[in-house]
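Here is the structure we will look at, set down as structure tokens.
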Amino acid sequence: MNSALDFYSNIWPAHSEFAKRWIKRFPEWDEGTESAQDLISCIQAWLEDARQQTDETALMRSLRLVRQRSMVEIMKRDLLGKADLFEVTEALSFLADAAVQIGLNFSHKAQEARFGKPANGDCLVVVGMGKLGGLELNASSDIDLIFLYNSDAETLGGPTGKTQSHMEFFSAVGKKLIKLLSEVTEDGFVFRVDMRLRPNGDSGPLVVSMDMLEEYFMVQGREWERYAWIKSRVLNWTVDPDQDAAFAKSIDNLSKIIKPFVFRKYLDFGAIRALRALHVQIRNEVTRRESQHPGTVHVKLGRGGIREIEFTAQAFQLIRGGRETHLQVRRTVDVLALCANQGLLQKAELDMLVSAYRFLRNLEHRLQYVDDAQTHRLPAAPTE
């Protein structure tokens with residue numbers, strides 16, 4: 001173990017162009033003064049400055065510097081063996097959750113100052129999808145978000161008496177939030193935001209009411225969207241205590257809409273066909289890309305990659321989750337463990353899948369640590 005730590009100590013931070021750039025700018029980030037605290041506590045403390053900001057430019061700078069500092073600390077602890085895979089993914093997911101909440105608070109207050117509070121205590125519900133929803137975020141991941149609100153109405157009016165519909169109000173809040181997180185400045189970005197999983201994708205409205213979401217699922221919801229919504233998780237809490245009751249109602253409504261859509265009450269063997277079709281689509285796309293990059297391996301989408309392990313877990317959830325409600329959890333390894341407990345997987349199969357998942361996710365992070373690149377492909381050049 002000591003030899004492994006010595007090895008990583010010798011290459012830290014020389015292996016990472018990203019780390020070298022930021023440590024050169026902020027040498028104190030590599031002094032190890034935070035090592036007594038867990039990662040989430042460190043990030044929580046670093047975010048305090050951002051929580052106090054009332055100026056948009058200052059807030060964007062503060063959030064970006066916390067993100068860069070957090071990435072340096074996360075990769076350092078990971079490579080020195082001081083944080084395991086799930087500490088890393090949970091810390092990254094916590095950073096995203098907290099950045100969303102801080103940005104939402106700021107955006108909501110700015111819009112409220114002009115047009116007044118939404119009626120009936122309504123507020124924006126921010127749903128995290130994919131790896132963010134499952135607390136499995138990787139080191140250079142987009143965050144997949146969906147914006148919802150409870151009901152259509154008008155705001156109560158600002159200082160000039162002007163009002164907005166809830167859709168207009170929450171659309172403006174959502175756009176501002178996306179800018180705060182994803183716009184690239186001299187300090188980089190916080191997270192790239194992907195909104196394409198919302199109903200009707202890029203052609204649909206940015207924000208959707210609960211009624212619209214329910215109707216969409218009933219009329220147009222597709223099998224791949226059931227797969228996408230398995231890991232969905234509400235990221236935020238209320239901006240204003242007056243919204244607490246309405247927010248709780250929104251969460252309850254959302255659960256009643258999502259669960260019947262994702263988890264059918266019968267053994268859903270039709271989901272197998274849909275998963276196979278989706279799997280074939282992904283394989284074909286990987287094959288097409290690999291023809292453009294011969295000699296490389298895609299650790300996420302390639303044969304035997306991360307996505308195939310996730311498919312294994314989520315196939316069991318889609319087929320059986322409606323009747324076996326204990327399968328309605330989000331983390332891939334937790335689902336696999338539950339499947340093994342129920343005899344759906346052999347112990348040897350569980351161990352193999354979890355071991356491969358850990359290896360591939362750690363490898364994914366090391367590829368991304370090099371230059372904060374959104375990559376899952378092993379480099380072809382021997383020097384790389």
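By convention here, the chains of the structure tokens are called A, B, ... in the order presented, each chain's residues are numbered starting at 1, and ligands are numbered starting at 1 in the order presented.
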* **Surrounding residues of Asp211 in chain A excluding itself and chain neighbours under 5 positions, 12 Å, only C-alpha atoms, as a PyMOL selection string** => chain A and resi 148-152+216-218+250+253-254+256-258
* List every residue of range 239-283 of chain A that DSSP, applied to the backbone of this structure, places in alpha helix (DSSP H), and write the result as a PyMOL selection string. => chain A and resi 244-262+270-283
* To do: Write out as a PyMOL selection string the residues lying within 7 Å of Gln317 in chain A, counting only C-alpha atoms and excluding same-chain residues fewer than 4 positions away.
  => chain A and resi 313+321+327-328
Please produce a file of those selected residues containing N, CA and C atoms, as a PDB file, in the first residue's frame.
```pdb
ATOM      1  N   ALA A 313     -28.597  -3.696 -14.239  1.00  0.00           N
ATOM      2  CA  ALA A 313     -29.344  -3.319 -13.047  1.00  0.00           C
ATOM      3  C   ALA A 313     -30.719  -2.764 -13.404  1.00  0.00           C
ATOM      4  N   GLY A 321     -39.688  -3.863 -10.842  1.00  0.00           N
ATOM      5  CA  GLY A 321     -39.748  -2.825  -9.820  1.00  0.00           C
ATOM      6  C   GLY A 321     -41.142  -2.445  -9.375  1.00  0.00           C
ATOM      7  N   LEU A 327     -36.733  -2.662  -5.164  1.00  0.00           N
ATOM      8  CA  LEU A 327     -35.832  -2.400  -6.286  1.00  0.00           C
ATOM      9  C   LEU A 327     -35.903  -0.951  -6.766  1.00  0.00           C
ATOM     10  N   GLN A 328     -36.773  -0.160  -6.166  1.00  0.00           N
ATOM     11  CA  GLN A 328     -36.928   1.237  -6.591  1.00  0.00           C
ATOM     12  C   GLN A 328     -35.894   2.127  -5.908  1.00  0.00           C
TER      13      GLN A 328
END
```
* Mind checking which residues fall within 8 Å of Ala153 in chain A, counting only C-alpha atoms, ignoring those fewer than 6 positions away in the same chain, and posting them as a ChimeraX atom specification? => /A:118-119,165-166
* How would you write, as a list in words, the set of residues in range 140-176 of chain A that DSSP gives as strand (DSSP E)? ->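 Answer for range 140-176 of chain A, restricted to strand (DSSP E): Ile143, Asp144, Leu145, Ile146, Phe147, Leu148 and Tyr149 of chain A.
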